[in-house]
Every structure is written in structure tokens, then in C-alpha cells.
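Undergrad: Take this structure, written in C-alpha cells, and hold onto it; I'll ask about it next.
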Amino acid sequence: MSAKIAEDKLAEIIIEQDELQNRIEEMGREITDAYEPGTELRLVCILRGAVMFMADLSQSINMPVTFDFMEVSSYSGTESTGTVRIIKDLEDAISGEHVLIVEDIIDTGLTLRNVVDMLETRKPASIKVATLLDKPERRDYKHIDVDFNGFEIPDKFVVGYGLDYEEKYRNLPFIGVLEEGEYN
Ligand code: XMP
Ligand code: MG
């Protein structure tokens with residue numbers, strides 16, 4: 001029901017539910033193929049936006065995985081503050097582990113650059129990055145290399161499938177753009 005109500009405030013849907021799910025299954029296969037058979041993978045979900053993506057993606061990864069969660073903050077409203085703060089750190093040590101950071105969206109890449117740098121100091125066996133969405137127009141390639149990328153999208157503020165505007169719209173099963181006036 002809430003998805004229906006929120007739909008009225010959307011200017012457009014840019015990725016439909018079935019397209020999203022098909023690509024995520026394909027990403028799971030790409031990730032499985034990228035590691036040696038028998039590797040155990042620590043999935044690190046960047047809260048809160050990547051929750052849905054990680055839950056679905058993990059089901060298409062055909063190898064043993066464990067979950068951990070980290071929350072960082074770099075944004076307030078739709079503007080970047082350019083700084084990253086740890087709100088919740090990982091529960092478990094990652095030393096010697098193969099880590100896959102699971103992120104909802106890469107805008108400039110600054111958030112992820114900071115997270116990768118920080119996790120690298122903990123001496124994991126490897127760190128790779130999977131993002132559902134990437135805004136290449138905004139991307140500063142000095143910041144980050146992405147190993148697995150779901151969709152490239154235009155430079156618009158998007159919501160749904162974990163992504164929020166002021167904590168709302170995360171439950172939409174698709175990716176949409178809000179109507180002008182809903183957020184500015
Ligand atoms: P940077 O610029 O550091 O930003 O790559 C990444 C973080 O910014 C948030 N972000 C968005 N959140 N819709 C959202 O709901 C968007 O269109 C959007 N663009 C950036 C997001 O939290 C991401 O982790
Ligand atoms: Mg947000």
C-alpha cells in the first residue's frame with residue numbers, strides 16, 4: 001500500500017522491479033565467477049541504503065558468505081558535505097578476510113573512498129566493491145574503482161529499493177525520481 005501512495009509523488013520510474021531483479025541476479029553470477037572456488041566472502045553492507053540490495057544480491061552469490069554492517073554519513077538532504085563520519089562500525093574483524101563492500105549508489109565516490117581506505121588498514125585478504133547504481137557524470141575517478149556496477153543512471157536524485165529522501169521511499173520495489181517540489 002505504501003508503495004502505491006508514494007508512486008503518486010514520483011516523476012518517473014527509471015528502473016522497473018523486474019529489470020532490477022534480473023540485473024542483481026546477473027551481478028551475483030559475476031561476483032561468484034570473480035573469486036576462486038571455495039572462497040568465503042564477507043559482505044559488508046553500507047547502511048542504510050544497501051540493505052535491500054545486499055539481501056537480494058547475496059541470494060545469487062553461489063559461495064559461502066557472512067554478513068556485517070557499517071553505517072557512515074556524508075550527506076544531509078541532497079547535498080554532499082564532503083566529509084564522512086562512522087556512525088556504526090563493523091562487528092567483526094576483517095583481517096585475512098575477503099571483503100565485498102555492498103553500496104547502494106556512488107555519486108562522487110568520496111564516501112566509498114573513505115570506507116575502502118579505512119578498511120584497508122585492517123589488513124583484509126582482499127577488498128572489492130559492488131554498487132547497485134552509479135552516476136558517472138558526478139563520478140570523480142580519482143576517488144574509487146568499482147568492481148561490480150549494477151546500473152549507470154543520470155544525475156538525478158533517486159529513491160526506492162533502499163534509497164531514501166529523508167528516510168522515506170526505501171520500501172519501493174523499483175528506482176524512481178521524485179516530482180520536482182517533493183524535495184526542493
Ligand atoms: P558520494 O558522493 O560520496 O555519495 O559517492 C554517496 C552517498 O550519497 C547518497 N546519495 C544518494 N541517496 N539518492 C539517495 O537516496 C540519490 O540519488 C543519491 N545520490 C547520492 C548515498 O547515501 C550514497 O551512499
Ligand atoms: Mg540517504
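Residues are named by chain letter and number: chains run A, B, ... in the order of the C-alpha cells, numbers start at 1 in each chain, and ligands are numbered from 1 in the order shown.
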Quick one: residues within 12 Å of Gln59 (chain A), only C-alpha atoms counted, chain neighbours fewer than 4 positions away excluded, as a ChimeraX atom specification?
TA: /A:21,24-29,31-32,43,52-55,63-66
Undergrad: Just the selected residues (C-alpha atoms), exported as a CSV table (one decimal), in the first residue's frame, please.
TA:
```csv
chain,number,residue,atom,x,y,z
A,21,GLN,CA,16.0,-8.2,-10.0
A,24,ILE,CA,21.1,-8.3,-9.5
A,25,GLU,CA,20.9,-12.0,-10.3
A,26,GLU,CA,23.4,-11.4,-13.1
A,27,MET,CA,25.7,-9.5,-10.7
A,28,GLY,CA,25.6,-12.4,-8.2
A,29,ARG,CA,26.9,-14.6,-11.0
A,31,ILE,CA,30.7,-11.9,-8.3
A,32,THR,CA,30.7,-15.7,-7.9
A,43,LEU,CA,29.6,-9.0,2.7
A,52,MET,CA,17.7,-4.5,0.1
A,53,PHE,CA,20.4,-4.8,-2.5
A,54,MET,CA,22.6,-6.9,-0.2
A,55,ALA,CA,19.7,-9.1,0.9
A,63,MET,CA,29.7,-19.3,-2.4
A,64,PRO,CA,29.7,-19.2,1.4
A,65,VAL,CA,29.1,-15.6,2.7
A,66,THR,CA,28.8,-13.9,6.0
```
Undergrad: Determine, for each residue of chain A having at least one atom at most 8 Å from an atom of ligand 1, the closest pair of atoms and their separation in Å to one decimal, counting only C-alpha atoms and all ligand atoms; order by chain and ascending number, as JSON lines.
TA:
```
{"residue": "A:Ile46", "atom": "CA", "partner": "ligand 1", "partner_atom_place_in_ligand_line": "24 (O)", "distance": 7.5}
{"residue": "A:Arg48", "atom": "CA", "partner": "ligand 1", "partner_atom_place_in_ligand_line": "22 (O)", "distance": 8.0}
{"residue": "A:Gly49", "atom": "CA", "partner": "ligand 1", "partner_atom_place_in_ligand_line": "22 (O)", "distance": 6.4}
{"residue": "A:Ser73", "atom": "CA", "partner": "ligand 1", "partner_atom_place_in_ligand_line": "22 (O)", "distance": 7.5}
{"residue": "A:Ser74", "atom": "CA", "partner": "ligand 1", "partner_atom_place_in_ligand_line": "3 (O)", "distance": 6.4}
{"residue": "A:Tyr75", "atom": "CA", "partner": "ligand 1", "partner_atom_place_in_ligand_line": "8 (O)", "distance": 5.9}
{"residue": "A:Thr78", "atom": "CA", "partner": "ligand 1", "partner_atom_place_in_ligand_line": "11 (C)", "distance": 7.0}
{"residue": "A:Ser80", "atom": "CA", "partner": "ligand 1", "partner_atom_place_in_ligand_line": "2 (O)", "distance": 6.4}
{"residue": "A:Gly82", "atom": "CA", "partner": "ligand 1", "partner_atom_place_in_ligand_line": "3 (O)", "distance": 7.2}
{"residue": "A:Glu103", "atom": "CA", "partner": "ligand 1", "partner_atom_place_in_ligand_line": "24 (O)", "distance": 6.6}
{"residue": "A:Asp104", "atom": "CA", "partner": "ligand 1", "partner_atom_place_in_ligand_line": "24 (O)", "distance": 6.1}
{"residue": "A:Ile105", "atom": "CA", "partner": "ligand 1", "partner_atom_place_in_ligand_line": "23 (C)", "distance": 5.0}
{"residue": "A:Ile106", "atom": "CA", "partner": "ligand 1", "partner_atom_place_in_ligand_line": "5 (O)", "distance": 4.0}
{"residue": "A:Asp107", "atom": "CA", "partner": "ligand 1", "partner_atom_place_in_ligand_line": "5 (O)", "distance": 3.5}
{"residue": "A:Thr108", "atom": "CA", "partner": "ligand 1", "partner_atom_place_in_ligand_line": "2 (O)", "distance": 3.6}
{"residue": "A:Gly109", "atom": "CA", "partner": "ligand 1", "partner_atom_place_in_ligand_line": "5 (O)", "distance": 3.4}
{"residue": "A:Leu110", "atom": "CA", "partner": "ligand 1", "partner_atom_place_in_ligand_line": "3 (O)", "distance": 3.9}
{"residue": "A:Thr111", "atom": "CA", "partner": "ligand 1", "partner_atom_place_in_ligand_line": "3 (O)", "distance": 3.6}
{"residue": "A:Leu112", "atom": "CA", "partner": "ligand 1", "partner_atom_place_in_ligand_line": "3 (O)", "distance": 6.3}
{"residue": "A:Arg113", "atom": "CA", "partner": "ligand 1", "partner_atom_place_in_ligand_line": "3 (O)", "distance": 7.9}
{"residue": "A:Lys135", "atom": "CA", "partner": "ligand 1", "partner_atom_place_in_ligand_line": "19 (N)", "distance": 7.8}
{"residue": "A:Arg138", "atom": "CA", "partner": "ligand 1", "partner_atom_place_in_ligand_line": "2 (O)", "distance": 7.7}
{"residue": "A:Arg139", "atom": "CA", "partner": "ligand 1", "partner_atom_place_in_ligand_line": "5 (O)", "distance": 7.3}
{"residue": "A:Asp155", "atom": "CA", "partner": "ligand 1", "partner_atom_place_in_ligand_line": "17 (O)", "distance": 7.6}
{"residue": "A:Lys156", "atom": "CA", "partner": "ligand 1", "partner_atom_place_in_ligand_line": "17 (O)", "distance": 5.9}
{"residue": "A:Phe157", "atom": "CA", "partner": "ligand 1", "partner_atom_place_in_ligand_line": "17 (O)", "distance": 3.4}
{"residue": "A:Val158", "atom": "CA", "partner": "ligand 1", "partner_atom_place_in_ligand_line": "17 (O)", "distance": 3.9}
{"residue": "A:Val159", "atom": "CA", "partner": "ligand 1", "partner_atom_place_in_ligand_line": "15 (O)", "distance": 5.1}
{"residue": "A:Gly160", "atom": "CA", "partner": "ligand 1", "partner_atom_place_in_ligand_line": "15 (O)", "distance": 7.6}
{"residue": "A:Gly162", "atom": "CA", "partner": "ligand 1", "partner_atom_place_in_ligand_line": "15 (O)", "distance": 7.8}
{"residue": "A:Leu163", "atom": "CA", "partner": "ligand 1", "partner_atom_place_in_ligand_line": "15 (O)", "distance": 4.1}
{"residue": "A:Asp164", "atom": "CA", "partner": "ligand 1", "partner_atom_place_in_ligand_line": "15 (O)", "distance": 4.2}
{"residue": "A:Tyr165", "atom": "CA", "partner": "ligand 1", "partner_atom_place_in_ligand_line": "15 (O)", "distance": 5.6}
```
Undergrad: Within chain A, find each residue whose DSSP state, derived from the backbone, is alpha helix (DSSP H), and express the selection as an MDAnalysis selection string.
TA: chainID A and resid 2:7 17:34 51:58 110:120
Undergrad: Restricted to N, CA and C atoms, what would the selected residues look like written as a compact mmCIF listing (two decimals), in the first residue's frame?
TA:
```txt
# COMPACT_ATOMS: atom_id res chain seq x y z
N SER A 2 1.87 1.29 0.87
CA SER A 2 2.71 2.50 0.94
C SER A 2 3.41 2.74 -0.39
N ALA A 3 3.78 1.66 -1.08
CA ALA A 3 4.43 1.82 -2.38
C ALA A 3 3.49 2.52 -3.34
N LYS A 4 2.21 2.20 -3.26
CA LYS A 4 1.21 2.81 -4.14
C LYS A 4 1.08 4.31 -3.85
N ILE A 5 1.01 4.66 -2.58
CA ILE A 5 0.87 6.07 -2.20
C ILE A 5 2.08 6.86 -2.70
N ALA A 6 3.28 6.31 -2.47
CA ALA A 6 4.50 7.02 -2.85
C ALA A 6 4.59 7.20 -4.36
N GLU A 7 4.02 6.29 -5.11
CA GLU A 7 4.07 6.36 -6.57
C GLU A 7 3.50 7.67 -7.10
N GLN A 17 11.04 -2.99 -11.39
CA GLN A 17 11.35 -4.08 -10.46
C GLN A 17 11.98 -5.30 -11.15
N ASP A 18 11.43 -5.72 -12.29
CA ASP A 18 11.97 -6.94 -12.91
C ASP A 18 13.36 -6.71 -13.50
N GLU A 19 13.58 -5.50 -14.02
CA GLU A 19 14.90 -5.16 -14.56
C GLU A 19 15.94 -5.16 -13.44
N LEU A 20 15.53 -4.60 -12.30
CA LEU A 20 16.39 -4.55 -11.11
C LEU A 20 16.76 -5.97 -10.67
N GLN A 21 15.76 -6.81 -10.55
CA GLN A 21 15.99 -8.17 -10.05
C GLN A 21 16.83 -9.00 -11.02
N ASN A 22 16.58 -8.83 -12.34
CA ASN A 22 17.37 -9.57 -13.33
C ASN A 22 18.84 -9.20 -13.27
N ARG A 23 19.10 -7.89 -13.19
CA ARG A 23 20.49 -7.42 -13.15
C ARG A 23 21.19 -7.86 -11.86
N ILE A 24 20.46 -7.85 -10.75
CA ILE A 24 21.07 -8.25 -9.47
C ILE A 24 21.45 -9.74 -9.50
N GLU A 25 20.59 -10.56 -10.11
CA GLU A 25 20.93 -12.00 -10.26
C GLU A 25 22.19 -12.16 -11.10
N GLU A 26 22.28 -11.35 -12.18
CA GLU A 26 23.45 -11.41 -13.05
C GLU A 26 24.70 -10.96 -12.29
N MET A 27 24.56 -9.93 -11.46
CA MET A 27 25.70 -9.46 -10.65
C MET A 27 26.17 -10.56 -9.71
N GLY A 28 25.23 -11.31 -9.14
CA GLY A 28 25.59 -12.42 -8.25
C GLY A 28 26.46 -13.43 -8.97
N ARG A 29 26.12 -13.68 -10.23
CA ARG A 29 26.92 -14.63 -11.03
C ARG A 29 28.30 -14.03 -11.32
N GLU A 30 28.35 -12.74 -11.65
CA GLU A 30 29.64 -12.07 -11.92
C GLU A 30 30.55 -12.15 -10.68
N ILE A 31 29.95 -11.92 -9.53
CA ILE A 31 30.72 -11.95 -8.28
C ILE A 31 31.22 -13.37 -8.00
N THR A 32 30.34 -14.35 -8.15
CA THR A 32 30.73 -15.75 -7.93
C THR A 32 31.91 -16.12 -8.83
N ASP A 33 31.86 -15.68 -10.09
CA ASP A 33 32.91 -16.02 -11.06
C ASP A 33 34.24 -15.32 -10.76
N ALA A 34 34.19 -14.22 -10.02
CA ALA A 34 35.39 -13.41 -9.79
C ALA A 34 36.30 -13.97 -8.70
N VAL A 51 20.64 -2.12 2.18
CA VAL A 51 20.03 -3.29 2.85
C VAL A 51 19.31 -4.20 1.87
N MET A 52 18.45 -3.64 1.05
CA MET A 52 17.66 -4.47 0.12
C MET A 52 18.56 -5.10 -0.93
N PHE A 53 19.47 -4.29 -1.44
CA PHE A 53 20.40 -4.78 -2.47
C PHE A 53 21.21 -5.94 -1.93
N MET A 54 21.76 -5.81 -0.73
CA MET A 54 22.58 -6.89 -0.18
C MET A 54 21.74 -8.15 0.07
N ALA A 55 20.55 -7.97 0.58
CA ALA A 55 19.69 -9.14 0.86
C ALA A 55 19.41 -9.91 -0.43
N ASP A 56 19.08 -9.21 -1.50
CA ASP A 56 18.78 -9.88 -2.78
C ASP A 56 20.05 -10.40 -3.45
N LEU A 57 21.08 -9.56 -3.49
CA LEU A 57 22.34 -9.95 -4.15
C LEU A 57 22.92 -11.21 -3.53
N SER A 58 22.91 -11.28 -2.20
CA SER A 58 23.55 -12.40 -1.50
C SER A 58 22.93 -13.74 -1.91
N LEU A 110 33.33 9.72 -3.03
CA LEU A 110 34.07 10.12 -1.83
C LEU A 110 33.76 9.23 -0.62
N THR A 111 32.49 8.90 -0.44
CA THR A 111 32.10 8.07 0.70
C THR A 111 32.84 6.73 0.65
N LEU A 112 32.77 6.08 -0.50
CA LEU A 112 33.38 4.78 -0.64
C LEU A 112 34.90 4.83 -0.54
N ARG A 113 35.51 5.88 -1.09
CA ARG A 113 36.97 6.04 -0.99
C ARG A 113 37.39 6.02 0.48
N ASN A 114 36.65 6.76 1.30
CA ASN A 114 36.96 6.82 2.73
C ASN A 114 36.76 5.47 3.41
N VAL A 115 35.70 4.77 3.05
CA VAL A 115 35.42 3.47 3.65
C VAL A 115 36.50 2.46 3.25
N VAL A 116 36.85 2.43 1.96
CA VAL A 116 37.88 1.48 1.49
C VAL A 116 39.21 1.76 2.18
N ASP A 117 39.62 3.03 2.25
CA ASP A 117 40.89 3.37 2.90
C ASP A 117 40.91 2.89 4.36
N MET A 118 39.80 3.10 5.03
CA MET A 118 39.71 2.73 6.44
C MET A 118 39.79 1.21 6.61
N LEU A 119 39.05 0.48 5.77
CA LEU A 119 39.03 -0.98 5.90
C LEU A 119 40.36 -1.60 5.47
N GLU A 120 41.06 -0.95 4.53
CA GLU A 120 42.36 -1.49 4.10
C GLU A 120 43.38 -1.51 5.24
```
Undergrad: Compare A:Leu90, A:Ala125, A:Ala50, A:Ile175 by their minimum atom-to-atom distance to Ala11 (chain A), counting only C-alpha atoms, and give me the closest one.
TA: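 Under the stated criterion, the closest residue is A:Ile175.
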Undergrad: Measuring between only C-alpha atoms and all ligand atoms, which one of A:Val72, A:Ala93, A:Thr39, A:Ser126 shows the shortest distance to ligand 2?
TA: A:Val72
Undergrad: Restricting the calculation to only C-alpha atoms and all ligand atoms: of A:Leu47, A:Tyr35, A:Asp147, A:Val84, which residue gets closest to ligand 2?
TA: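 Going through A:Leu47, A:Tyr35, A:Asp147, A:Val84 one by one, the smallest distance to ligand 2 is for A:Leu47.
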Undergrad: Pick out the residues sitting within 8 Å of Glu12 (chain A), and hand them over as a PyMOL selection string; count only C-alpha atoms, and ignore anything fewer than 5 positions along from it in its own chain.
TA: chain A and resi 176-179
Undergrad: Go ahead and compute the interatomic distance for CA of Asp134 (chain A) and CA of Glu152 (chain A), in Å to one decimal.
TA: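 A separation of 4.8 Å between them.
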